[in-house]
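Below: one structure, written as structure tokens.
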Amino acid sequence: MRFPTRASLAALSASSLLTSALAANITIYQPNVAFVPTPLPAPGPASNFEAILEQFNLLGRTTVWNLVKKIKFEGDTGEPEGMVNIAEERYILGGGQWTNKTVSYGKNVIINGTDRTPGAGYAHLTVYDGQGMRIADATLTEPGAIEYHIGGIEYDGDKIWATIAQYRPNTTATIVSVDPTTLEDTNLIHYADHLGGIVHDTRKQELSTLNWGARNASVWDLKAKTTFQYPQFTQPKQVARNPFFSYDYQDCKYLGHSKIYFNHGVMMCSGVATYSNNVTVGGLAVVDIETMVPYSEVPLTMVSDLGTPITQNPFDVALVDGKMRLYFLPDQRNSTLYVYEAEQNSPYQY
Ligand SMILES: *[C@@H]1O[C@H](CO)[C@@H](O)[C@H](O)[C@H]1NC(C)=O
Ligand SMILES: *[C@@H]1O[C@H](CO)[C@@H](O)[C@H](O)[C@H]1NC(C)=O
Ligand SMILES: *[C@@H]1O[C@H](CO)[C@@H](O)[C@H](O)[C@H]1NC(C)=O
Ligand SMILES: *[C@@H]1O[C@H](CO)[C@@H](O)[C@H](O)[C@H]1NC(C)=O
Ligand SMILES: *[C@@H]1O[C@H](CO)[C@@H](O)[C@H](O)[C@H]1NC(C)=O
Ligand SMILES: *[C@@H]1O[C@H](CO)[C@@H](O)[C@H](O)[C@H]1NC(C)=O
Ligand SMILES: *[C@@H]1O[C@H](CO)[C@@H](O)[C@H](O)[C@H]1NC(C)=O
């Protein structure tokens, strides 16, 4: 039993409450197994970002990719949207379970700023062990909640960050932090737009969130936490238009402030798009967190055993034994983790 509910919280006066921790609705699959290792490991992408960027900038269209691990995840994974790898000991998925589909209002019909019915479902965070067996599943939303879609997720060595939004463009979203040791979530920021991907720039203490199709990034100053006043809506510190249209970013990870990018904070994002001629393009990009300018990019053409483009949904990156490793989980419901490394002796990349 979970108390207080999101609905009862919304009815509380916002002034009495800056943030609200919710008791988690959790199913345990492996009793007496910790959700995450303790002490909590450092986040893979940010701990080795200079080496990751150096290796990323040797990649090209002709890079040979070696599949170094393939792990089937137990059970129905729903629609995975975000993933964090915690030292290959745990994989945490943010995923959606749909109980009623959204339905288009019709071609070019916009009602209340959006183009489809709300649908219904639940946002889940599911913890898997290093072999892909489920440890626990937390349902982060209430039955009937209109915001039930979880987007990309981020791990900063302390918290997991997620967005839980209405499953339709130009609507509303909540930025939540989750304690990985208990899977309890806290509603931090309410925003009047859809949100998907999220990263935490730990150096600037800022969150950056991407809206529907990652068409723009909104930046949130965590140093101004007391002004958030959830469940009232908050305005971000700034919004930047994404100038990159070759594919839509799905899941991003904070890297760091690199000297090769003028000490700007950068993230790595994976994404995919299908064009009107049915050509699908996917890839990975290193992107400025605040301006959305892509600094470096590589297309990826791998597909899962079920034929899904590898960058379809969740992604993570880490340095393992000195080599950059990429983690992808493209398929819905019946999901396999694909872990790749670039062939180090690839010829000159073009
Ligand atoms: C817990 O989550 C499940 C969906 O995973 C839902 O069916 C159930 O109603 C939730 N329980 C509570 C008390 O919210
Ligand atoms: C499912 O969505 C449709 C609109 O597409 C709506 O008419 C219907 O009431 C919804 N059903 C439930 C159980 O929420
Ligand atoms: C549009 O918004 C109004 C006011 O909030 C609401 O009464 C109405 O039901 C909404 N329409 C739809 C189709 O959601
Ligand atoms: C987004 O919705 C708001 C109202 O909720 C509306 O004023 C605005 O025109 C919409 N934007 C787009 C791009 O449809
Ligand atoms: C961000 O995207 C929303 C559409 O969801 C749009 O209404 C808004 O104008 C965009 N802002 C900028 C600065 O591009
Ligand atoms: C794209 O695929 C759809 C469905 O498979 C098909 O109906 C459509 O004709 C295709 N369009 C083009 C331009 O090939
Ligand atoms: C699940 O996917 C695997 C390939 O990854 C496939 O061999 C298997 O038949 C699929 N199972 C179901 C029930 O679809």
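Going through the structure tokens in order, the chains are called A, B, and so on, while each chain numbers its residues from 1 and the ligands are numbered from 1 in the order shown.
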
How would you write, as a list in words, the set of residues no farther than 9 Å from ligand 1 when counting only C-alpha atoms and all ligand atoms? Met1, Arg2, Phe3, Thr5, Ala24, Asn25, Ile26, Thr27, Gln97, Gly121, Tyr122, Ala123, His124, Asp137, Ala138, Thr139, Leu140, Thr141, Glu142 and Pro143 of chain A

Just the selected residues (C-alpha atoms), exported as a PDB file, in the first residue's frame, please.
```
ATOM      1  CA  MET A   1       0.000   0.000   0.000  1.00  0.00           C
ATOM      2  CA  ARG A   2       1.291   3.350  -1.031  1.00  0.00           C
ATOM      3  CA  PHE A   3       0.631   6.584   0.821  1.00  0.00           C
ATOM      4  CA  THR A   5      -0.852   8.960  -3.427  1.00  0.00           C
ATOM      5  CA  ALA A  24       7.075   2.684  -3.485  1.00  0.00           C
ATOM      6  CA  ASN A  25       4.703   0.103  -5.051  1.00  0.00           C
ATOM      7  CA  ILE A  26       7.281  -2.666  -5.483  1.00  0.00           C
ATOM      8  CA  THR A  27       7.203  -6.285  -6.590  1.00  0.00           C
ATOM      9  CA  GLN A  97       3.105  -0.558 -19.504  1.00  0.00           C
ATOM     10  CA  GLY A 121      -0.724   3.043 -18.299  1.00  0.00           C
ATOM     11  CA  TYR A 122       2.013   2.813 -15.692  1.00  0.00           C
ATOM     12  CA  ALA A 123       5.636   3.924 -15.430  1.00  0.00           C
ATOM     13  CA  HIS A 124       7.994   1.241 -14.152  1.00  0.00           C
ATOM     14  CA  ASP A 137       9.948  -3.829 -10.195  1.00  0.00           C
ATOM     15  CA  ALA A 138       8.679  -0.488  -8.903  1.00  0.00           C
ATOM     16  CA  THR A 139       5.503   1.066 -10.299  1.00  0.00           C
ATOM     17  CA  LEU A 140       6.061   4.814 -10.050  1.00  0.00           C
ATOM     18  CA  THR A 141       2.539   5.965 -10.997  1.00  0.00           C
ATOM     19  CA  GLU A 142      -0.974   5.566  -9.608  1.00  0.00           C
ATOM     20  CA  PRO A 143      -3.854   3.826 -11.384  1.00  0.00           C
TER      21      PRO A 143
END
```

Check which residues of chain A sit at most 10 Å from ligand 3 using only C-alpha atoms and all ligand atoms, and return one row each with the closest pair of atoms and their distance in Å to one decimal, ordered by chain and rising number, as CSV.
```
residue,atom,partner,partner_atom_place_in_ligand_line,distance
A:Tyr105,CA,ligand 3,13 (C),8.6
A:Ile110,CA,ligand 3,13 (C),9.3
A:Ile111,CA,ligand 3,13 (C),5.9
A:Asn112,CA,ligand 3,1 (C),4.9
A:Gly113,CA,ligand 3,1 (C),8.6
A:Thr114,CA,ligand 3,14 (O),8.9
A:Asp115,CA,ligand 3,13 (C),9.5
A:Arg116,CA,ligand 3,13 (C),8.5
A:Thr117,CA,ligand 3,14 (O),7.0
A:Pro118,CA,ligand 3,14 (O),7.9
```

Next, dump the selected residues to file, keeping only N, CA and C atoms, as a tab-separated table (two decimals), in the first residue's frame.
```tsv
chain	number	residue	atom	x	y	z
A	105	TYR	N	-6.47	12.45	-32.60
A	105	TYR	CA	-7.71	13.23	-32.77
A	105	TYR	C	-8.07	13.36	-34.26
A	110	ILE	N	-5.87	19.58	-33.50
A	110	ILE	CA	-5.19	19.88	-32.23
A	110	ILE	C	-6.27	20.29	-31.22
A	111	ILE	N	-6.33	19.61	-30.09
A	111	ILE	CA	-7.27	19.99	-29.03
A	111	ILE	C	-6.44	20.23	-27.77
A	112	ASN	N	-6.64	21.37	-27.15
A	112	ASN	CA	-5.88	21.75	-25.96
A	112	ASN	C	-4.37	21.60	-26.19
A	113	GLY	N	-3.94	21.97	-27.38
A	113	GLY	CA	-2.51	21.99	-27.68
A	113	GLY	C	-1.90	20.66	-28.06
A	114	THR	N	-2.69	19.57	-28.06
A	114	THR	CA	-2.08	18.28	-28.38
A	114	THR	C	-2.92	17.53	-29.42
A	115	ASP	N	-2.42	16.37	-29.88
A	115	ASP	CA	-3.00	15.74	-31.07
A	115	ASP	C	-3.61	14.36	-30.83
A	116	ARG	N	-3.71	13.92	-29.56
A	116	ARG	CA	-4.24	12.58	-29.32
A	116	ARG	C	-4.85	12.48	-27.92
A	117	THR	N	-5.61	11.41	-27.68
A	117	THR	CA	-6.22	11.17	-26.36
A	117	THR	C	-5.13	10.79	-25.35
A	118	PRO	N	-5.43	10.92	-24.06
A	118	PRO	CA	-4.36	10.65	-23.08
A	118	PRO	C	-3.93	9.19	-22.97
```

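Compared by their closest atoms to Tyr275 of chain A, and using only C-alpha atoms, the residues A:Ser246, A:Ser258, A:Ser47, A:Gln312 rank with A:Ser246 nearest.
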
All residues within 6 Å of ligand 2 are required, counting only C-alpha atoms and all ligand atoms; please report them as JSON, numbers by chain. {"A": [100, 102, 103, 117, 119]}

Ligand 6 neighbours within 8 Å using only C-alpha atoms and all ligand atoms, as an mmCIF file with all heavy atoms, in the first residue's frame:
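Once written, selection.cif looks like this:
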```cif
data_model
loop_
_atom_site.group_PDB
_atom_site.id
_atom_site.type_symbol
_atom_site.label_atom_id
_atom_site.label_comp_id
_atom_site.auth_asym_id
_atom_site.auth_seq_id
_atom_site.Cartn_x
_atom_site.Cartn_y
_atom_site.Cartn_z
ATOM 1 N N SER A 276 9.955 9.916 -44.272
ATOM 2 C CA SER A 276 8.726 9.687 -45.047
ATOM 3 C C SER A 276 8.938 8.662 -46.167
ATOM 4 O O SER A 276 7.988 8.068 -46.649
ATOM 5 C CB SER A 276 8.216 11.001 -45.618
ATOM 6 O OG SER A 276 9.230 11.586 -46.403
ATOM 7 N N ASN A 277 10.194 8.420 -46.581
ATOM 8 C CA ASN A 277 10.449 7.379 -47.586
ATOM 9 C C ASN A 277 10.755 6.036 -46.933
ATOM 10 O O ASN A 277 11.266 5.131 -47.565
ATOM 11 C CB ASN A 277 11.598 7.799 -48.508
ATOM 12 C CG ASN A 277 12.903 7.991 -47.747
ATOM 13 O OD1 ASN A 277 12.941 7.846 -46.519
ATOM 14 N ND2 ASN A 277 13.959 8.307 -48.456
ATOM 15 N N ASN A 278 10.464 5.922 -45.619
ATOM 16 C CA ASN A 278 10.624 4.698 -44.833
ATOM 17 C C ASN A 278 12.086 4.331 -44.554
ATOM 18 O O ASN A 278 12.348 3.224 -44.092
ATOM 19 C CB ASN A 278 9.898 3.500 -45.474
ATOM 20 C CG ASN A 278 8.388 3.636 -45.371
ATOM 21 O OD1 ASN A 278 7.887 4.417 -44.563
ATOM 22 N ND2 ASN A 278 7.668 2.897 -46.187
#
```

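With a cut-off of 9 Å and using only C-alpha atoms and all ligand atoms, the polymer residues contacting ligand 7 are A:Lys72, A:Ser304, A:Asp305, A:Leu306, A:Asp331, A:Arg333, A:Asn334, A:Ser335, A:Thr336.
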
Could you name the residues that touch Val279 of chain A at 12 Å or less, counting only C-alpha atoms, but leaving out those on the same chain fewer than 5 positions away, as a PyMOL selection string? chain A and resi 246-247+272-274+301+309

Could the residues that lie within 7 Å of ligand 5, counting only C-alpha atoms and all ligand atoms, be listed as a PyMOL selection string? chain A and resi 169-170+193-194+211-212+215-216+239-241

Residues as selected, all heavy atoms, written as an mmCIF file, in the first residue's frame, can you do that?
```cif
data_model
loop_
_atom_site.group_PDB
_atom_site.id
_atom_site.type_symbol
_atom_site.label_atom_id
_atom_site.label_comp_id
_atom_site.auth_asym_id
_atom_site.auth_seq_id
_atom_site.Cartn_x
_atom_site.Cartn_y
_atom_site.Cartn_z
ATOM 1 N N PRO A 169 2.447 14.890 -27.202
ATOM 2 C CA PRO A 169 3.288 16.087 -27.274
ATOM 3 C C PRO A 169 2.651 17.308 -26.607
ATOM 4 O O PRO A 169 1.419 17.370 -26.475
ATOM 5 C CB PRO A 169 3.441 16.326 -28.780
ATOM 6 C CG PRO A 169 2.464 15.448 -29.466
ATOM 7 C CD PRO A 169 2.027 14.399 -28.518
ATOM 8 N N ASN A 170 3.494 18.270 -26.224
ATOM 9 C CA ASN A 170 3.043 19.589 -25.750
ATOM 10 C C ASN A 170 2.022 19.476 -24.619
ATOM 11 O O ASN A 170 0.986 20.141 -24.650
ATOM 12 C CB ASN A 170 2.466 20.382 -26.950
ATOM 13 C CG ASN A 170 2.269 21.857 -26.647
ATOM 14 O OD1 ASN A 170 3.021 22.436 -25.864
ATOM 15 N ND2 ASN A 170 1.256 22.463 -27.232
ATOM 16 N N ASP A 193 5.130 20.994 -20.407
ATOM 17 C CA ASP A 193 5.462 20.433 -21.719
ATOM 18 C C ASP A 193 5.729 18.944 -21.500
ATOM 19 O O ASP A 193 6.003 18.529 -20.367
ATOM 20 C CB ASP A 193 6.700 21.118 -22.351
ATOM 21 C CG ASP A 193 6.875 20.790 -23.853
ATOM 22 O OD1 ASP A 193 6.014 20.073 -24.416
ATOM 23 O OD2 ASP A 193 7.870 21.247 -24.444
ATOM 24 N N HIS A 194 5.677 18.166 -22.573
ATOM 25 C CA HIS A 194 6.092 16.764 -22.468
ATOM 26 C C HIS A 194 7.606 16.722 -22.259
ATOM 27 O O HIS A 194 8.337 17.540 -22.824
ATOM 28 C CB HIS A 194 5.748 16.017 -23.763
ATOM 29 C CG HIS A 194 6.286 14.627 -23.808
ATOM 30 N ND1 HIS A 194 5.564 13.532 -23.383
ATOM 31 C CD2 HIS A 194 7.495 14.145 -24.187
ATOM 32 C CE1 HIS A 194 6.293 12.447 -23.503
ATOM 33 N NE2 HIS A 194 7.483 12.782 -24.000
ATOM 34 N N ASN A 211 12.248 17.494 -24.697
ATOM 35 C CA ASN A 211 10.789 17.336 -24.865
ATOM 36 C C ASN A 211 10.477 16.321 -25.968
ATOM 37 O O ASN A 211 11.353 15.570 -26.404
ATOM 38 C CB ASN A 211 10.126 18.706 -25.055
ATOM 39 C CG ASN A 211 10.418 19.334 -26.404
ATOM 40 O OD1 ASN A 211 11.257 18.852 -27.171
ATOM 41 N ND2 ASN A 211 9.719 20.409 -26.703
ATOM 42 N N TRP A 212 9.230 16.280 -26.431
ATOM 43 C CA TRP A 212 8.753 15.311 -27.438
ATOM 44 C C TRP A 212 9.638 15.387 -28.681
ATOM 45 O O TRP A 212 9.812 16.478 -29.239
ATOM 46 C CB TRP A 212 7.292 15.650 -27.781
ATOM 47 C CG TRP A 212 6.613 14.630 -28.629
ATOM 48 C CD1 TRP A 212 6.580 14.591 -29.989
ATOM 49 C CD2 TRP A 212 5.838 13.519 -28.167
ATOM 50 N NE1 TRP A 212 5.840 13.512 -30.405
ATOM 51 C CE2 TRP A 212 5.366 12.835 -29.318
ATOM 52 C CE3 TRP A 212 5.503 13.020 -26.902
ATOM 53 C CZ2 TRP A 212 4.564 11.687 -29.233
ATOM 54 C CZ3 TRP A 212 4.705 11.885 -26.827
ATOM 55 C CH2 TRP A 212 4.260 11.229 -27.976
ATOM 56 N N ARG A 215 12.965 17.925 -29.438
ATOM 57 C CA ARG A 215 13.048 19.128 -30.258
ATOM 58 C C ARG A 215 13.627 20.300 -29.495
ATOM 59 O O ARG A 215 14.126 21.243 -30.096
ATOM 60 C CB ARG A 215 11.677 19.503 -30.828
ATOM 61 C CG ARG A 215 11.153 18.767 -32.031
ATOM 62 C CD ARG A 215 12.040 17.827 -32.783
ATOM 63 N NE ARG A 215 13.342 18.323 -33.177
ATOM 64 C CZ ARG A 215 14.383 17.559 -33.518
ATOM 65 N NH1 ARG A 215 14.296 16.246 -33.492
ATOM 66 N NH2 ARG A 215 15.515 18.076 -33.860
ATOM 67 N N ASN A 216 13.540 20.284 -28.168
ATOM 68 C CA ASN A 216 14.308 21.276 -27.418
ATOM 69 C C ASN A 216 14.719 20.755 -26.043
ATOM 70 O O ASN A 216 14.197 19.745 -25.566
ATOM 71 C CB ASN A 216 13.637 22.657 -27.389
ATOM 72 C CG ASN A 216 12.277 22.693 -26.723
ATOM 73 O OD1 ASN A 216 12.080 22.004 -25.730
ATOM 74 N ND2 ASN A 216 11.381 23.520 -27.251
ATOM 75 N N VAL A 239 15.620 27.512 -22.358
ATOM 76 C CA VAL A 239 15.208 26.484 -23.312
ATOM 77 C C VAL A 239 15.996 26.714 -24.592
ATOM 78 O O VAL A 239 16.128 27.855 -25.048
ATOM 79 C CB VAL A 239 13.689 26.553 -23.614
ATOM 80 C CG1 VAL A 239 13.285 25.465 -24.601
ATOM 81 C CG2 VAL A 239 12.868 26.409 -22.340
ATOM 82 N N ALA A 240 16.571 25.654 -25.153
ATOM 83 C CA ALA A 240 17.316 25.799 -26.410
ATOM 84 C C ALA A 240 16.724 24.870 -27.459
ATOM 85 O O ALA A 240 16.406 23.714 -27.176
ATOM 86 C CB ALA A 240 18.785 25.461 -26.195
ATOM 87 N N ARG A 241 16.591 25.371 -28.664
ATOM 88 C CA ARG A 241 16.097 24.574 -29.779
ATOM 89 C C ARG A 241 17.185 23.606 -30.240
ATOM 90 O O ARG A 241 18.350 23.986 -30.372
ATOM 91 C CB ARG A 241 15.707 25.520 -30.923
ATOM 92 C CG ARG A 241 15.244 24.822 -32.185
ATOM 93 C CD ARG A 241 14.891 25.863 -33.250
ATOM 94 N NE ARG A 241 14.449 25.218 -34.475
ATOM 95 C CZ ARG A 241 15.257 24.858 -35.460
ATOM 96 N NH1 ARG A 241 16.560 25.071 -35.364
ATOM 97 N NH2 ARG A 241 14.770 24.289 -36.543
#
```

Find the residues near Tyr261 of chain A: any atom within 10 Å, counting only C-alpha atoms, skip ones fewer than 3 places away on the same chain, and give them as a ChimeraX atom specification. /A:256-258,264-266,287-288,295

Apply DSSP to the structure's backbone, then extract all residues of segment 100-295 of chain A labelled strand (DSSP E or B) and return them as a PDB file with C-alpha atoms, in the first residue's frame.
```
ATOM      1  CA  ASN A 100      -5.259   1.972 -22.938  1.00  0.00           C
ATOM      2  CA  SER A 104      -5.115  10.419 -32.691  1.00  0.00           C
ATOM      3  CA  ILE A 111      -7.267  19.987 -29.030  1.00  0.00           C
ATOM      4  CA  THR A 114      -2.083  18.276 -28.381  1.00  0.00           C
ATOM      5  CA  ARG A 116      -4.244  12.578 -29.317  1.00  0.00           C
ATOM      6  CA  ALA A 120      -3.507   5.104 -19.809  1.00  0.00           C
ATOM      7  CA  GLY A 121      -0.724   3.043 -18.299  1.00  0.00           C
ATOM      8  CA  TYR A 122       2.013   2.813 -15.692  1.00  0.00           C
ATOM      9  CA  ALA A 123       5.636   3.924 -15.430  1.00  0.00           C
ATOM     10  CA  HIS A 124       7.994   1.241 -14.152  1.00  0.00           C
ATOM     11  CA  LEU A 125      11.583   1.096 -12.953  1.00  0.00           C
ATOM     12  CA  THR A 126      12.776  -2.494 -13.108  1.00  0.00           C
ATOM     13  CA  VAL A 127      16.047  -3.737 -11.635  1.00  0.00           C
ATOM     14  CA  TYR A 128      17.846  -6.653 -13.345  1.00  0.00           C
ATOM     15  CA  ASP A 129      20.994  -8.400 -12.186  1.00  0.00           C
ATOM     16  CA  ARG A 134      14.636  -9.487 -12.481  1.00  0.00           C
ATOM     17  CA  ILE A 135      15.332  -8.403  -8.912  1.00  0.00           C
ATOM     18  CA  ALA A 136      12.498  -5.927  -8.358  1.00  0.00           C
ATOM     19  CA  ASP A 137       9.948  -3.829 -10.195  1.00  0.00           C
ATOM     20  CA  ALA A 138       8.679  -0.488  -8.903  1.00  0.00           C
ATOM     21  CA  THR A 139       5.503   1.066 -10.299  1.00  0.00           C
ATOM     22  CA  HIS A 149       5.055   7.749 -19.545  1.00  0.00           C
ATOM     23  CA  ILE A 150       8.649   7.385 -18.311  1.00  0.00           C
ATOM     24  CA  GLY A 151      11.358   8.630 -20.686  1.00  0.00           C
ATOM     25  CA  GLY A 152      15.147   8.267 -20.739  1.00  0.00           C
ATOM     26  CA  ILE A 153      16.775   7.849 -17.328  1.00  0.00           C
ATOM     27  CA  GLU A 154      20.046   8.934 -15.723  1.00  0.00           C
ATOM     28  CA  TYR A 155      22.186   7.709 -12.796  1.00  0.00           C
ATOM     29  CA  ILE A 160      18.243   7.938 -10.623  1.00  0.00           C
ATOM     30  CA  TRP A 161      16.598  10.796 -12.520  1.00  0.00           C
ATOM     31  CA  ALA A 162      13.522  10.299 -14.687  1.00  0.00           C
ATOM     32  CA  THR A 163      10.717  12.212 -16.363  1.00  0.00           C
ATOM     33  CA  ILE A 164       7.126  10.999 -16.092  1.00  0.00           C
ATOM     34  CA  ALA A 165       4.948  12.689 -18.692  1.00  0.00           C
ATOM     35  CA  ALA A 173       5.559  16.214 -17.194  1.00  0.00           C
ATOM     36  CA  THR A 174       7.087  15.683 -13.756  1.00  0.00           C
ATOM     37  CA  ILE A 175      10.812  15.398 -13.095  1.00  0.00           C
ATOM     38  CA  VAL A 176      11.407  12.763 -10.410  1.00  0.00           C
ATOM     39  CA  SER A 177      14.427  11.512  -8.518  1.00  0.00           C
ATOM     40  CA  VAL A 178      14.530   7.928  -7.288  1.00  0.00           C
ATOM     41  CA  ASP A 179      16.651   6.535  -4.476  1.00  0.00           C
ATOM     42  CA  GLU A 184      11.282   5.457  -3.608  1.00  0.00           C
ATOM     43  CA  ASP A 185      10.570   8.395  -5.872  1.00  0.00           C
ATOM     44  CA  THR A 186      10.302  12.111  -5.184  1.00  0.00           C
ATOM     45  CA  ASN A 187       8.426  14.543  -7.400  1.00  0.00           C
ATOM     46  CA  LEU A 188      10.658  17.562  -7.874  1.00  0.00           C
ATOM     47  CA  ILE A 189       9.517  19.719 -10.795  1.00  0.00           C
ATOM     48  CA  HIS A 190       6.230  20.019 -12.683  1.00  0.00           C
ATOM     49  CA  TYR A 191       6.520  21.400 -16.222  1.00  0.00           C
ATOM     50  CA  ILE A 198      17.092  13.714 -18.833  1.00  0.00           C
ATOM     51  CA  VAL A 199      20.715  14.189 -17.739  1.00  0.00           C
ATOM     52  CA  HIS A 200      22.284  15.563 -14.568  1.00  0.00           C
ATOM     53  CA  ASP A 201      25.264  17.878 -14.997  1.00  0.00           C
ATOM     54  CA  GLU A 206      21.747  21.382 -13.422  1.00  0.00           C
ATOM     55  CA  LEU A 207      19.306  19.003 -15.032  1.00  0.00           C
ATOM     56  CA  SER A 208      18.687  19.115 -18.756  1.00  0.00           C
ATOM     57  CA  THR A 209      15.478  17.595 -20.119  1.00  0.00           C
ATOM     58  CA  LEU A 210      14.371  16.918 -23.701  1.00  0.00           C
ATOM     59  CA  ASN A 216      14.308  21.276 -27.418  1.00  0.00           C
ATOM     60  CA  ALA A 217      16.225  21.064 -24.135  1.00  0.00           C
ATOM     61  CA  SER A 218      15.125  22.781 -20.924  1.00  0.00           C
ATOM     62  CA  VAL A 219      17.724  23.447 -18.229  1.00  0.00           C
ATOM     63  CA  TRP A 220      16.865  23.351 -14.505  1.00  0.00           C
ATOM     64  CA  ASP A 221      19.090  24.825 -11.821  1.00  0.00           C
ATOM     65  CA  PHE A 233       4.393  24.434 -12.724  1.00  0.00           C
ATOM     66  CA  GLN A 238      16.511  28.362 -20.268  1.00  0.00           C
ATOM     67  CA  VAL A 239      15.208  26.484 -23.312  1.00  0.00           C
ATOM     68  CA  ALA A 240      17.316  25.799 -26.410  1.00  0.00           C
ATOM     69  CA  ARG A 241      16.097  24.574 -29.779  1.00  0.00           C
ATOM     70  CA  ASP A 248      15.362  12.087 -32.401  1.00  0.00           C
ATOM     71  CA  TYR A 249      17.383  11.464 -29.252  1.00  0.00           C
ATOM     72  CA  GLN A 250      15.762   8.839 -26.994  1.00  0.00           C
ATOM     73  CA  ASP A 251      18.088   8.301 -24.026  1.00  0.00           C
ATOM     74  CA  CYS A 252      21.071  10.452 -22.996  1.00  0.00           C
ATOM     75  CA  LYS A 253      23.860  10.201 -20.444  1.00  0.00           C
ATOM     76  CA  TYR A 254      25.880  13.014 -18.866  1.00  0.00           C
ATOM     77  CA  LEU A 255      29.601  12.816 -19.675  1.00  0.00           C
ATOM     78  CA  GLY A 256      31.309  15.933 -18.277  1.00  0.00           C
ATOM     79  CA  HIS A 257      32.956  19.261 -19.044  1.00  0.00           C
ATOM     80  CA  GLY A 265      28.965  20.203 -20.328  1.00  0.00           C
ATOM     81  CA  VAL A 266      28.306  17.433 -22.859  1.00  0.00           C
ATOM     82  CA  MET A 267      26.107  14.354 -22.961  1.00  0.00           C
ATOM     83  CA  MET A 268      25.965  11.313 -25.227  1.00  0.00           C
ATOM     84  CA  CYS A 269      22.568  10.629 -26.798  1.00  0.00           C
ATOM     85  CA  SER A 270      21.266   7.716 -28.832  1.00  0.00           C
ATOM     86  CA  GLY A 271      18.341   8.029 -31.192  1.00  0.00           C
ATOM     87  CA  VAL A 272      16.497   6.977 -34.300  1.00  0.00           C
ATOM     88  CA  ALA A 273      14.080   8.390 -36.883  1.00  0.00           C
ATOM     89  CA  THR A 274      12.076   6.951 -39.766  1.00  0.00           C
ATOM     90  CA  THR A 280      15.384   4.576 -40.801  1.00  0.00           C
ATOM     91  CA  VAL A 281      18.471   6.369 -39.500  1.00  0.00           C
ATOM     92  CA  GLY A 282      19.938   5.854 -36.048  1.00  0.00           C
ATOM     93  CA  GLY A 283      23.082   6.911 -34.291  1.00  0.00           C
ATOM     94  CA  LEU A 284      24.911   8.337 -31.335  1.00  0.00           C
ATOM     95  CA  ALA A 285      25.851  11.954 -30.785  1.00  0.00           C
ATOM     96  CA  VAL A 286      27.892  13.965 -28.304  1.00  0.00           C
ATOM     97  CA  VAL A 287      25.746  17.013 -27.616  1.00  0.00           C
ATOM     98  CA  ASP A 288      26.152  20.287 -25.710  1.00  0.00           C
ATOM     99  CA  PRO A 294      26.014  18.302 -31.612  1.00  0.00           C
ATOM    100  CA  TYR A 295      29.825  18.242 -31.493  1.00  0.00           C
TER     101      TYR A 295
END
```

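Compared by their closest atoms to Gly157 of chain A, and using only C-alpha atoms, the residues A:Thr171, A:Thr38, A:Thr62, A:Gln229 rank with A:Thr38 nearest.
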
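Using only C-alpha atoms, the contacts of Gln166 of chain A at a cut-off of 6 Å, with sequence neighbours closer than 3 positions omitted, comprise A:Ile146, A:Glu147, A:His149, A:Thr172.
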
Dump N, CA and C atoms for the selected residues as an mmCIF file, in the first residue's frame?
```cif
data_model
loop_
_atom_site.group_PDB
_atom_site.id
_atom_site.type_symbol
_atom_site.label_atom_id
_atom_site.label_comp_id
_atom_site.auth_asym_id
_atom_site.auth_seq_id
_atom_site.Cartn_x
_atom_site.Cartn_y
_atom_site.Cartn_z
ATOM 1 N N ILE A 146 -2.639 10.606 -15.262
ATOM 2 C CA ILE A 146 -2.554 11.056 -16.660
ATOM 3 C C ILE A 146 -1.088 11.137 -17.106
ATOM 4 N N GLU A 147 -0.182 11.388 -16.161
ATOM 5 C CA GLU A 147 1.263 11.342 -16.465
ATOM 6 C C GLU A 147 1.748 9.944 -16.094
ATOM 7 N N HIS A 149 4.025 8.156 -18.580
ATOM 8 C CA HIS A 149 5.055 7.749 -19.545
ATOM 9 C C HIS A 149 6.441 8.122 -19.032
ATOM 10 N N THR A 172 2.169 17.822 -20.276
ATOM 11 C CA THR A 172 2.790 18.098 -18.973
ATOM 12 C C THR A 172 3.692 16.935 -18.571
#
```
